[in-house]
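The structure file input.pdb is reproduced below (PDB, C-alpha atoms).
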```pdb
ATOM      1  CA  MET B   1     -21.314 -57.610  19.835
ATOM      2  CA  ILE B   2     -22.566 -54.056  19.592
ATOM      3  CA  ARG B   3     -20.032 -52.921  22.217
ATOM      4  CA  TRP B   4     -17.204 -54.576  20.353
ATOM      5  CA  ILE B   5     -18.119 -52.817  17.087
ATOM      6  CA  THR B   6     -18.317 -49.442  18.861
ATOM      7  CA  CYS B   7     -14.882 -49.875  20.474
ATOM      8  CA  LYS B   8     -13.281 -50.828  17.184
ATOM      9  CA  ALA B   9     -15.044 -48.023  15.311
ATOM     10  CA  VAL B  10     -13.597 -45.268  17.499
ATOM     11  CA  PRO B  11      -9.911 -45.935  16.715
ATOM     12  CA  PHE B  12     -10.870 -46.547  13.088
ATOM     13  CA  CYS B  13     -12.513 -43.094  12.894
ATOM     14  CA  ALA B  14      -9.547 -41.509  14.647
ATOM     15  CA  CYS B  15      -7.149 -43.073  12.154
ATOM     16  CA  PHE B  16      -9.361 -42.004   9.266
ATOM     17  CA  CYS B  17      -9.436 -38.383  10.538
ATOM     18  CA  LEU B  18      -5.667 -38.318  10.951
ATOM     19  CA  PHE B  19      -5.284 -39.705   7.455
ATOM     20  CA  SER B  20      -7.640 -37.013   6.093
ATOM     21  CA  LEU B  21      -5.696 -34.227   7.831
ATOM     22  CA  ALA B  22      -2.443 -35.586   6.437
ATOM     23  CA  ALA B  23      -3.970 -35.685   2.975
ATOM     24  CA  VAL B  24      -4.998 -32.009   3.255
ATOM     25  CA  ALA B  25      -1.494 -31.006   4.386
ATOM     26  CA  GLN B  26       0.006 -32.890   1.454
ATOM     27  CA  ASP B  27      -2.186 -30.871  -0.918
ATOM     28  CA  VAL B  28      -0.080 -27.781  -0.167
ATOM     29  CA  PRO B  29       2.774 -27.760  -2.709
ATOM     30  CA  THR B  30       6.239 -28.105  -1.251
ATOM     31  CA  ASP B  31       7.333 -24.597  -2.245
ATOM     32  CA  TYR B  32       4.228 -23.134  -0.589
ATOM     33  CA  GLN B  33       4.911 -25.117   2.574
ATOM     34  CA  GLU B  34       8.270 -23.330   2.593
ATOM     35  CA  VAL B  35       6.445 -19.986   2.349
ATOM     36  CA  LEU B  36       4.405 -20.809   5.433
ATOM     37  CA  LYS B  37       7.564 -21.845   7.236
ATOM     38  CA  VAL B  38       9.415 -18.630   6.345
ATOM     39  CA  LEU B  39       6.481 -16.438   7.351
ATOM     40  CA  ASP B  40       5.732 -18.567  10.421
ATOM     41  CA  ARG B  41       2.033 -18.310   9.640
ATOM     42  CA  LYS B  42      -0.810 -20.632   8.788
ATOM     43  CA  GLY B  43      -2.476 -20.768   5.395
ATOM     44  CA  ASP B  44      -4.615 -22.926   3.155
ATOM     45  CA  PHE B  45      -4.334 -24.049  -0.456
ATOM     46  CA  LYS B  46      -7.478 -24.007  -2.582
ATOM     47  CA  ALA B  47      -8.215 -23.396  -6.279
ATOM     48  CA  GLY B  48      -4.493 -23.242  -6.991
ATOM     49  CA  VAL B  49      -3.977 -20.403  -4.506
ATOM     50  CA  LEU B  50      -2.057 -20.308  -1.245
ATOM     51  CA  LYS B  51      -3.876 -17.879   1.050
ATOM     52  CA  VAL B  52      -2.139 -16.600   4.180
ATOM     53  CA  ASN B  53      -4.313 -14.604   6.553
ATOM     54  CA  ILE B  54      -2.842 -11.664   8.489
ATOM     55  CA  PRO B  55      -5.727 -10.684  10.794
ATOM     56  CA  ARG B  56      -5.523  -7.656  13.079
ATOM     57  CA  ASN B  57      -6.642  -9.526  16.162
ATOM     58  CA  ASP B  58      -4.498  -7.119  18.170
ATOM     59  CA  LEU B  59      -6.920  -4.262  17.441
ATOM     60  CA  LYS B  60     -10.250  -3.686  19.143
ATOM     61  CA  MET B  61     -12.095  -2.022  16.296
ATOM     62  CA  THR B  62     -15.269   0.031  16.393
ATOM     63  CA  VAL B  63     -17.073   1.854  13.595
ATOM     64  CA  GLN B  64     -19.248   4.747  14.767
ATOM     65  CA  GLY B  65     -18.835   3.251  18.228
ATOM     66  CA  PHE B  66     -20.209  -0.122  17.077
ATOM     67  CA  PRO B  67     -17.933  -3.081  17.981
ATOM     68  CA  THR B  68     -16.665  -4.704  14.764
ATOM     69  CA  PRO B  69     -14.750  -7.999  15.115
ATOM     70  CA  THR B  70     -11.759  -8.806  12.925
ATOM     71  CA  PRO B  71     -13.677 -10.904  10.325
ATOM     72  CA  PHE B  72     -15.937  -7.897   9.683
ATOM     73  CA  GLY B  73     -13.237  -6.408   7.458
ATOM     74  CA  PHE B  74      -9.998  -6.158   9.399
ATOM     75  CA  GLY B  75      -8.270  -9.318   8.239
ATOM     76  CA  GLY B  76      -5.278  -8.680   6.005
ATOM     77  CA  TRP B  77      -3.929 -11.357   3.696
ATOM     78  CA  ILE B  78      -1.435 -12.326   1.028
ATOM     79  CA  ALA B  79      -1.966 -14.924  -1.699
ATOM     80  CA  LEU B  80       0.248 -16.721  -4.201
ATOM     81  CA  THR B  81      -0.560 -18.591  -7.393
ATOM     82  CA  LYS B  82       1.395 -19.914 -10.357
ATOM     83  CA  ALA B  83       1.953 -17.966 -13.566
ATOM     84  CA  THR B  84       2.120 -19.768 -16.914
ATOM     85  CA  ASP B  85       5.922 -19.687 -16.856
ATOM     86  CA  GLY B  86       6.065 -21.412 -13.466
ATOM     87  CA  SER B  87       6.882 -18.286 -11.481
ATOM     88  CA  ASP B  88       4.596 -17.082  -8.701
ATOM     89  CA  VAL B  89       2.303 -14.072  -8.602
ATOM     90  CA  MET B  90       1.735 -12.604  -5.165
ATOM     91  CA  MET B  91      -1.027 -10.193  -4.227
ATOM     92  CA  GLY B  92      -2.179  -8.987  -0.863
ATOM     93  CA  ASP B  93      -4.074  -6.479   1.217
ATOM     94  CA  LEU B  94      -2.546  -5.403   4.531
ATOM     95  CA  VAL B  95      -4.533  -3.706   7.304
ATOM     96  CA  LEU B  96      -2.351  -1.014   8.864
ATOM     97  CA  LEU B  97      -2.520   1.673  11.497
ATOM     98  CA  GLN B  98      -1.486   5.146  10.332
ATOM     99  CA  GLU B  99       1.913   4.898  11.999
ATOM    100  CA  GLU B 100       2.561   1.529  10.312
ATOM    101  CA  VAL B 101       1.830   2.624   6.743
ATOM    102  CA  ASN B 102       5.118   4.216   5.736
ATOM    103  CA  PRO B 103       7.494   1.880   7.620
ATOM    104  CA  VAL B 104       5.711  -1.087   6.000
ATOM    105  CA  LEU B 105       5.735   0.675   2.627
ATOM    106  CA  SER B 106       9.484   1.252   2.844
ATOM    107  CA  ALA B 107      10.097  -2.360   3.864
ATOM    108  CA  LEU B 108       8.101  -3.625   0.892
ATOM    109  CA  LEU B 109       9.947  -1.377  -1.550
ATOM    110  CA  GLU B 110      13.320  -2.320  -0.100
ATOM    111  CA  GLY B 111      12.365  -5.971  -0.540
ATOM    112  CA  GLY B 112      11.695  -5.439  -4.242
ATOM    113  CA  LEU B 113       7.911  -5.615  -4.027
ATOM    114  CA  GLU B 114       5.312  -3.186  -5.361
ATOM    115  CA  VAL B 115       2.577  -1.257  -3.586
ATOM    116  CA  THR B 116      -0.375  -0.733  -5.924
ATOM    117  CA  ALA B 117      -2.969   1.009  -3.752
ATOM    118  CA  LEU B 118      -3.375   2.660  -0.357
ATOM    119  CA  HIS B 119      -6.759   3.779   0.895
ATOM    120  CA  ASN B 120      -9.393   3.476   3.615
ATOM    121  CA  HIS B 121     -12.302   1.028   3.671
ATOM    122  CA  PHE B 122     -14.269   2.681   6.475
ATOM    123  CA  PHE B 123     -15.344   6.023   7.891
ATOM    124  CA  TRP B 124     -15.486   6.545  11.661
ATOM    125  CA  ASP B 125     -13.312   3.527  12.417
ATOM    126  CA  ASP B 126     -11.428   3.619  15.708
ATOM    127  CA  PRO B 127      -8.521   3.201  15.546
ATOM    128  CA  HIS B 128      -8.261   4.508  12.001
ATOM    129  CA  VAL B 129      -6.793   1.903   9.648
ATOM    130  CA  TYR B 130      -5.594   1.923   6.051
ATOM    131  CA  TYR B 131      -5.456  -0.850   3.477
ATOM    132  CA  MET B 132      -2.275  -1.385   1.473
ATOM    133  CA  HIS B 133      -2.355  -3.574  -1.635
ATOM    134  CA  VAL B 134       0.880  -5.334  -2.525
ATOM    135  CA  HIS B 135       2.155  -7.154  -5.595
ATOM    136  CA  GLY B 136       5.147  -9.252  -6.530
ATOM    137  CA  ILE B 137       6.338 -11.765  -9.129
ATOM    138  CA  GLY B 138       9.089 -14.338  -8.671
ATOM    139  CA  LYS B 139       9.944 -17.544  -6.869
ATOM    140  CA  ALA B 140       7.630 -18.373  -3.965
ATOM    141  CA  SER B 141      10.412 -18.686  -1.390
ATOM    142  CA  ASP B 142      11.965 -15.407  -2.549
ATOM    143  CA  LEU B 143       8.634 -13.596  -2.307
ATOM    144  CA  ALA B 144       8.212 -14.885   1.238
ATOM    145  CA  GLN B 145      11.645 -13.558   2.191
ATOM    146  CA  GLN B 146      10.879 -10.224   0.514
ATOM    147  CA  ILE B 147       7.604  -9.622   2.328
ATOM    148  CA  LYS B 148       8.528 -11.000   5.754
ATOM    149  CA  PRO B 149      10.277  -7.832   7.069
ATOM    150  CA  ALA B 150       7.166  -5.800   6.243
ATOM    151  CA  LEU B 151       4.824  -8.280   7.909
ATOM    152  CA  ASP B 152       7.036  -8.370  10.991
ATOM    153  CA  LEU B 153       6.485  -4.627  11.454
ATOM    154  CA  ILE B 154       2.714  -4.951  11.751
ATOM    155  CA  GLY B 155       1.701  -4.368  15.336
ATOM    156  CA  HIS B 156       5.178  -3.231  16.359
ATOM    157  CA  VAL B 157       5.475   0.385  15.155
ATOM    158  CA  LYS B 158       5.208   3.124  17.749
ATOM    159  CA  PRO B 159       3.386   6.308  16.680
ATOM    160  CA  ALA B 160       5.565   9.382  16.290
ATOM    161  CA  ALA B 161       5.055  12.200  18.770
ATOM    162  CA  ASN B 162       3.194  15.246  17.460
ATOM    163  CA  THR B 163       5.435  18.304  17.523
ATOM    164  CA  PRO B 164       3.717  21.731  17.541
ATOM    165  CA  ALA B 165       4.631  24.140  14.759
ATOM    166  CA  SER B 166       7.357  26.628  15.583
ATOM    167  CA  ALA B 167       6.078  29.937  16.922
ATOM    168  CA  GLY B 168       8.551  31.980  14.891
ATOM    169  CA  GLY B 169      10.955  31.623  11.998
ATOM    170  CA  THR B 170      11.912  32.886   8.577
ATOM    171  CA  PRO B 171       9.144  33.111   5.966
ATOM    172  CA  ILE B 172       9.412  30.453   3.268
ATOM    173  CA  ASP B 173      11.746  31.619   0.496
ATOM    174  CA  VAL B 174       9.426  30.870  -2.407
ATOM    175  CA  ALA B 175      12.013  31.891  -4.981
ATOM    176  CA  LYS B 176      14.416  29.297  -3.599
ATOM    177  CA  ILE B 177      11.650  26.676  -3.532
ATOM    178  CA  ALA B 178      10.754  27.424  -7.156
ATOM    179  CA  LYS B 179      14.407  27.145  -8.181
ATOM    180  CA  ILE B 180      14.789  23.744  -6.511
ATOM    181  CA  VAL B 181      11.599  22.375  -8.056
ATOM    182  CA  GLY B 182      12.179  24.006 -11.445
ATOM    183  CA  HIS B 183       8.673  25.466 -11.631
ATOM    184  CA  GLU B 184       7.082  28.679 -10.394
ATOM    185  CA  GLY B 185       4.141  28.552  -8.013
ATOM    186  CA  GLU B 186       1.313  30.749  -6.768
ATOM    187  CA  GLN B 187       0.895  32.337  -3.351
ATOM    188  CA  THR B 188      -2.549  32.143  -1.731
ATOM    189  CA  GLY B 189      -2.454  33.544   1.764
ATOM    190  CA  ALA B 190       0.105  31.544   3.738
ATOM    191  CA  VAL B 191       0.260  28.739   1.160
ATOM    192  CA  TYR B 192       2.685  28.550  -1.771
ATOM    193  CA  LYS B 193       1.549  25.979  -4.346
ATOM    194  CA  ILE B 194       3.397  24.633  -7.384
ATOM    195  CA  THR B 195       1.342  22.783 -10.008
ATOM    196  CA  VAL B 196       2.912  20.821 -12.871
ATOM    197  CA  GLY B 197       0.775  19.405 -15.686
ATOM    198  CA  ARG B 198       1.191  16.093 -17.521
ATOM    199  CA  ASP B 199       0.786  17.387 -21.059
ATOM    200  CA  ASP B 200       3.247  14.686 -22.143
ATOM    201  CA  LEU B 201       0.466  12.115 -21.747
ATOM    202  CA  GLY B 202      -1.847  13.640 -24.342
ATOM    203  CA  MET B 203      -4.899  12.314 -22.493
ATOM    204  CA  LYS B 204      -8.325  12.747 -24.062
ATOM    205  CA  GLU B 205     -11.869  11.776 -23.128
ATOM    206  CA  HIS B 206     -14.601  11.922 -25.782
ATOM    207  CA  GLY B 207     -12.208  14.055 -27.794
ATOM    208  CA  ALA B 208     -11.731  16.577 -24.995
ATOM    209  CA  ALA B 209      -8.171  17.258 -23.878
ATOM    210  CA  ILE B 210      -7.689  16.335 -20.212
ATOM    211  CA  ASN B 211      -5.063  18.803 -19.067
ATOM    212  CA  ALA B 212      -3.762  20.215 -15.784
ATOM    213  CA  ARG B 213      -6.873  22.345 -15.316
ATOM    214  CA  MET B 214      -8.978  19.183 -15.625
ATOM    215  CA  GLY B 215      -7.035  17.471 -12.840
ATOM    216  CA  LEU B 216      -4.186  15.791 -14.696
ATOM    217  CA  ASN B 217      -1.406  17.362 -12.667
ATOM    218  CA  THR B 218       1.213  16.970  -9.988
ATOM    219  CA  TRP B 219       1.387  19.553  -7.221
ATOM    220  CA  ALA B 220       2.992  20.546  -3.938
ATOM    221  CA  ALA B 221       1.642  23.024  -1.381
ATOM    222  CA  PHE B 222       4.009  24.546   1.195
ATOM    223  CA  VAL B 223       3.109  26.299   4.438
ATOM    224  CA  GLY B 224       4.993  27.292   7.577
ATOM    225  CA  THR B 225       8.484  28.731   7.791
ATOM    226  CA  GLN B 226      11.771  28.108   6.032
ATOM    227  CA  GLU B 227      13.006  26.157   9.056
ATOM    228  CA  ASP B 228       9.766  24.330   9.904
ATOM    229  CA  ALA B 229       7.446  23.807   6.941
ATOM    230  CA  ALA B 230       4.814  21.313   5.882
ATOM    231  CA  VAL B 231       4.177  20.047   2.371
ATOM    232  CA  ALA B 232       1.245  18.138   0.953
ATOM    233  CA  GLY B 233       0.514  17.195  -2.605
ATOM    234  CA  ASP B 234      -0.499  14.841  -5.335
ATOM    235  CA  VAL B 235       1.528  13.064  -8.019
ATOM    236  CA  ALA B 236      -0.022  11.920 -11.311
ATOM    237  CA  MET B 237       1.822   8.814 -12.503
ATOM    238  CA  LEU B 238       1.754   6.212 -15.207
ATOM    239  CA  GLU B 239       1.662   2.672 -13.845
ATOM    240  CA  THR B 240       5.380   2.223 -14.575
ATOM    241  CA  GLU B 241       6.195   5.367 -12.602
ATOM    242  CA  VAL B 242       4.468   4.373  -9.354
ATOM    243  CA  THR B 243       7.287   2.387  -7.751
ATOM    244  CA  PRO B 244      10.084   4.834  -8.689
ATOM    245  CA  VAL B 245       8.049   7.741  -7.304
ATOM    246  CA  LEU B 246       7.286   5.846  -4.094
ATOM    247  CA  LYS B 247      10.973   5.092  -3.624
ATOM    248  CA  ALA B 248      11.928   8.730  -4.267
ATOM    249  CA  LEU B 249       9.442  10.072  -1.727
ATOM    250  CA  ARG B 250      10.348   7.585   0.974
ATOM    251  CA  LYS B 251      14.080   8.095   0.400
ATOM    252  CA  ASN B 252      13.532  11.780   1.108
ATOM    253  CA  GLY B 253      11.446  11.212   4.225
ATOM    254  CA  LEU B 254       8.053  12.119   2.769
ATOM    255  CA  ASP B 255       5.037  10.071   3.880
ATOM    256  CA  VAL B 256       2.643   8.516   1.393
ATOM    257  CA  VAL B 257      -0.982   8.777   2.507
ATOM    258  CA  ALA B 258      -3.000   7.478  -0.474
ATOM    259  CA  ILE B 259      -2.539   5.689  -3.807
ATOM    260  CA  HIS B 260      -5.546   5.420  -6.107
ATOM    261  CA  HIS B 261      -6.974   6.591  -9.421
ATOM    262  CA  HIS B 262      -9.076   9.693 -10.040
ATOM    263  CA  MET B 263     -10.406   8.831 -13.482
ATOM    264  CA  THR B 264     -11.931   5.824 -15.240
ATOM    265  CA  GLY B 265     -12.332   5.094 -18.932
ATOM    266  CA  VAL B 266      -9.272   7.082 -19.954
ATOM    267  CA  THR B 267      -6.064   6.078 -21.711
ATOM    268  CA  PRO B 268      -3.373   5.896 -20.527
ATOM    269  CA  MET B 269      -4.218   4.740 -17.013
ATOM    270  CA  VAL B 270      -2.993   7.314 -14.492
ATOM    271  CA  ILE B 271      -2.484   6.594 -10.795
ATOM    272  CA  PHE B 272      -2.532   9.409  -8.237
ATOM    273  CA  LEU B 273      -0.479   9.483  -5.078
ATOM    274  CA  HIS B 274      -1.036  11.825  -2.127
ATOM    275  CA  TYR B 275       1.820  12.632   0.212
ATOM    276  CA  TRP B 276       2.741  14.685   3.278
ATOM    277  CA  GLY B 277       5.962  15.886   4.835
ATOM    278  CA  ARG B 278       7.341  18.187   7.479
ATOM    279  CA  GLY B 279      10.762  19.734   7.927
ATOM    280  CA  PRO B 280      12.958  22.482   6.458
ATOM    281  CA  ALA B 281      11.285  23.927   3.355
ATOM    282  CA  GLU B 282      14.310  23.290   1.131
ATOM    283  CA  LYS B 283      14.450  19.619   2.151
ATOM    284  CA  LEU B 284      10.743  19.201   1.407
ATOM    285  CA  ALA B 285      11.164  20.874  -1.980
ATOM    286  CA  THR B 286      14.061  18.546  -2.778
ATOM    287  CA  GLY B 287      11.902  15.543  -1.882
ATOM    288  CA  PHE B 288       9.116  16.731  -4.166
ATOM    289  CA  LYS B 289      11.619  17.375  -6.968
ATOM    290  CA  SER B 290      12.983  13.831  -6.637
ATOM    291  CA  ALA B 291       9.499  12.461  -7.320
ATOM    292  CA  LEU B 292       8.915  14.925 -10.150
ATOM    293  CA  ASP B 293      12.140  13.753 -11.789
ATOM    294  CA  GLU B 294      10.727  10.222 -12.076
ATOM    295  CA  LEU B 295       7.873  11.381 -14.310
ATOM    296  CA  GLY B 296       8.004  11.224 -18.084
ATOM    297  CA  LYS B 297      11.186   9.192 -18.318
ATOM    298  CA  GLY B 298       9.560   6.733 -20.671
ATOM    299  CA  GLY B 299       8.631   9.404 -23.195
ATOM    300  CA  ALA B 300       5.176  10.546 -24.218
ATOM    301  CA  ALA B 301       2.269   8.163 -23.733
ATOM    302  CA  HIS B 302      -0.530   9.605 -25.819
ATOM    303  CA  GLY B 303      -4.114   8.825 -24.951
ATOM    304  CA  THR B 304      -6.559   7.183 -27.282
ATOM    305  CA  GLY B 305      -9.826   7.994 -25.514
ATOM    306  CA  GLU B 306     -12.435   9.373 -27.890
TER     307      GLU B 306
END
```
Write-out of the structure in structure tokens:
Amino acid sequence: MIRWITCKAVPFCACFCLFSLAAVAQDVPTDYQEVLKVLDRKGDFKAGVLKVNIPRNDLKMTVQGFPTPTPFGFGGWIALTKATDGSDVMMGDLVLLQEEVNPVLSALLEGGLEVTALHNHFFWDDPHVYYMHVHGIGKASDLAQQIKPALDLIGHVKPAANTPASAGGTPIDVAKIAKIVGHEGEQTGAVYKITVGRDDLGMKEHGAAINARMGLNTWAAFVGTQEDAAVAGDVAMLETEVTPVLKALRKNGLDVVAIHHHMTGVTPMVIFLHYWGRGPAEKLATGFKSALDELGKGGAAHGTGE
């Protein structure tokens, strides 16, 4: 009798387990099942959120030479949940190698999505990785289609070859650079730097005016020659200006290297973007000017910090 019960119990348990797995799969809403299908990735649905993991299992990470497996902090993800109007809100955090950052950024922008932050989570990580935060609102299936080209790039971007600076060339024509940008700069040794304040924001903290000298500014530093120059800089943006500035920089071939804030407890909120580029000085100046032109379009946004 005991044997008979055992034999019958095994198929019963198997059927129960299969039923349980089917029940879990059915818990994923139909539109989110479509997301998983489009992305060709696995995910789970809990607390009203579809979570899709994008782990960097292809990377053998170390931090200060210490082996750090993917779950230690190298698992990217995207997540979707419903807004009150029935649309979907998507957020995510992608783990990217340096050479992947700007191709992925461009793909996201071209897909109509937003990039809200770009920074590092570690020091001494090898290889060095960056974390890109993404955001989108819309229909779940549309969001999946929008982000898929960017996700498909991860792990498939070849690093660009490093090209040494030219040995000779024409000195940078700073007058021409200033004319293109529309602002004069200052020469310090081999570097020509243009700094533009955001006085239109009227930012204050404890009654003190936060001006360009206090760090509320946009700038570009040029070095090299007229034919082969490098530019690096920072752009101070309102939240509504972030995406237009990103698009302007990428359209002109400039690389974005960080997106974050420099200040807390101030109004309005200002996001800072750091960028880098290399090429003919005039082309770099034109790229910087394209980003500068996206600032202040919405009119003054005066601060209320006391």
Mind checking which residues fall within 8 Å of region 235-241 of chain B, counting only C-alpha atoms, ignoring those fewer than 3 positions away in the same chain, and posting them as a list in words?
Arg198, Leu216, Asn217, Thr218, Trp219, Pro244, Val245, Pro268, Met269, Val270, Ile271, Phe272, Leu273, His274, Leu292, Glu294 and Leu295 of chain B
Pick the closest to Val63 (chain B) from B:Asp125, B:Lys42, B:Thr170, B:Asn120: which is it, counting all atoms listed in the file?
B:Asp125
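Minimum distance to Lys283 (chain B) across B:Asp44, B:Asp199, B:Glu34, B:Asp228 (counting all atoms listed in the file) occurs at B:Asp228.
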What does the structure give for the distance between CA of Ile154 (chain B) and CA of Asp27 (chain B), in Å to one decimal?
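These two atoms are separated by 29.3 Å.
Atom to atom, CA of Ala178 (chain B) and CA of Val256 (chain B) stand 22.3 Å apart.
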Residue nearest Glu99 (chain B) - candidates B:Asn162, B:Ser141, B:Thr81, B:Thr68, atoms counted: all atoms listed in the file
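Among the listed residues, B:Asn162 lies closest to Glu99 (chain B).
Restricting the calculation to all atoms listed in the file, the smallest distance between Asp88 (chain B) and any of B:Glu114, B:Pro69, B:Val49, B:Ala209 is found for B:Val49.
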Selection result for the PyMOL selection byres ((chain B and resi 182) around 12) on this file, as a PyMOL selection string:
chain B and resi 174-181+183-185+194-196+285-286+288-290+292-293
Show me the residues close to (16.3, 20.9, 5.0) - anything with an atom within 12 Å, counting only C-alpha atoms - and format the list as a PyMOL selection string.
chain B and resi 172+177+180+225-230+252-253+277-287
CA of Ala47 (chain B) to CA of Ala144 (chain B), distance in Å rounded to a single decimal
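Straight-line distance from CA of Ala47 (chain B) to CA of Ala144 (chain B) works out to 20.0 Å.
In this comparison, which uses all atoms listed in the file, the residue of B:Leu80, B:Val104, B:Leu94, B:Val52 approaching His133 (chain B) most closely is B:Leu94.
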So, with only C-alpha atoms as the atoms that count, which of B:Ala221, B:Ala232, B:Ala161, B:Val266 lies closest to Glu205 (chain B)?
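Using only C-alpha atoms, Glu205 (chain B) sits closest to B:Val266.
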Contacts of Pro55 (chain B) at 10 Å or less, counting only C-alpha atoms, minus same-chain residues fewer than 6 places along, as a count of residues only?
9
Expand the PyMOL selection byres ((chain B and resi 103) around 10) into the individual residues it matches in the shown file, reporting them as a VMD selection string.
chain B and resid 98 to 102 104 to 108 150 153 to 154 157 250 255
List the residues selected by the PyMOL selection byres ((chain B and resi 60) around 9) in the file shown, writing them as a list in words.
Arg56, Asn57, Asp58, Leu59, Met61, Thr62, Pro67, Thr68, Pro69, Thr70, Asp126 and Pro127 of chain B
Can you give me N, CA, C and O atoms for region 197-213 of chain B, written as a short mmCIF file (atom, residue, chain, number, x, y, z; two decimals), in the frame of the given file?
```cif
data_model
loop_
_atom_site.label_atom_id
_atom_site.label_comp_id
_atom_site.auth_asym_id
_atom_site.auth_seq_id
_atom_site.Cartn_x
_atom_site.Cartn_y
_atom_site.Cartn_z
N GLY B 197 1.67 20.23 -14.87
CA GLY B 197 0.78 19.40 -15.69
C GLY B 197 1.47 18.19 -16.28
O GLY B 197 2.70 18.08 -16.26
N ARG B 198 0.66 17.27 -16.82
CA ARG B 198 1.19 16.09 -17.52
C ARG B 198 0.77 16.15 -18.99
O ARG B 198 0.15 15.23 -19.51
N ASP B 199 1.14 17.25 -19.65
CA ASP B 199 0.79 17.39 -21.06
C ASP B 199 1.47 16.34 -21.92
O ASP B 199 1.06 16.10 -23.07
N ASP B 200 2.54 15.72 -21.38
CA ASP B 200 3.25 14.69 -22.14
C ASP B 200 2.39 13.45 -22.37
O ASP B 200 2.68 12.64 -23.26
N LEU B 201 1.30 13.30 -21.61
CA LEU B 201 0.47 12.12 -21.75
C LEU B 201 -0.58 12.24 -22.85
O LEU B 201 -1.12 11.24 -23.30
N GLY B 202 -0.89 13.44 -23.25
CA GLY B 202 -1.85 13.64 -24.34
C GLY B 202 -3.18 12.96 -24.08
O GLY B 202 -3.79 12.39 -25.00
N MET B 203 -3.67 13.02 -22.85
CA MET B 203 -4.90 12.31 -22.49
C MET B 203 -6.13 13.02 -23.05
O MET B 203 -6.24 14.25 -23.01
N LYS B 204 -7.06 12.21 -23.56
CA LYS B 204 -8.32 12.75 -24.06
C LYS B 204 -9.48 11.88 -23.58
O LYS B 204 -9.32 10.69 -23.34
N GLU B 205 -10.64 12.50 -23.43
CA GLU B 205 -11.87 11.78 -23.13
C GLU B 205 -12.98 12.34 -23.99
O GLU B 205 -13.27 13.54 -23.94
N HIS B 206 -13.57 11.49 -24.82
CA HIS B 206 -14.60 11.92 -25.78
C HIS B 206 -14.09 13.08 -26.63
O HIS B 206 -14.84 14.01 -26.96
N GLY B 207 -12.80 13.04 -26.95
CA GLY B 207 -12.21 14.06 -27.79
C GLY B 207 -11.76 15.30 -27.07
O GLY B 207 -11.11 16.17 -27.65
N ALA B 208 -12.12 15.41 -25.79
CA ALA B 208 -11.73 16.58 -25.00
C ALA B 208 -10.36 16.35 -24.37
O ALA B 208 -10.09 15.28 -23.82
N ALA B 209 -9.50 17.36 -24.47
CA ALA B 209 -8.17 17.26 -23.88
C ALA B 209 -8.27 17.34 -22.36
O ALA B 209 -8.87 18.26 -21.81
N ILE B 210 -7.71 16.35 -21.68
CA ILE B 210 -7.69 16.34 -20.21
C ILE B 210 -6.33 16.87 -19.78
O ILE B 210 -5.32 16.17 -19.83
N ASN B 211 -6.32 18.14 -19.39
CA ASN B 211 -5.06 18.80 -19.07
C ASN B 211 -4.96 19.08 -17.56
O ASN B 211 -5.74 18.58 -16.76
N ALA B 212 -3.99 19.91 -17.20
CA ALA B 212 -3.76 20.22 -15.78
C ALA B 212 -4.99 20.84 -15.13
O ALA B 212 -5.31 20.54 -13.97
N ARG B 213 -5.69 21.68 -15.87
CA ARG B 213 -6.87 22.34 -15.32
C ARG B 213 -8.02 21.36 -15.07
O ARG B 213 -8.91 21.61 -14.27
#
```
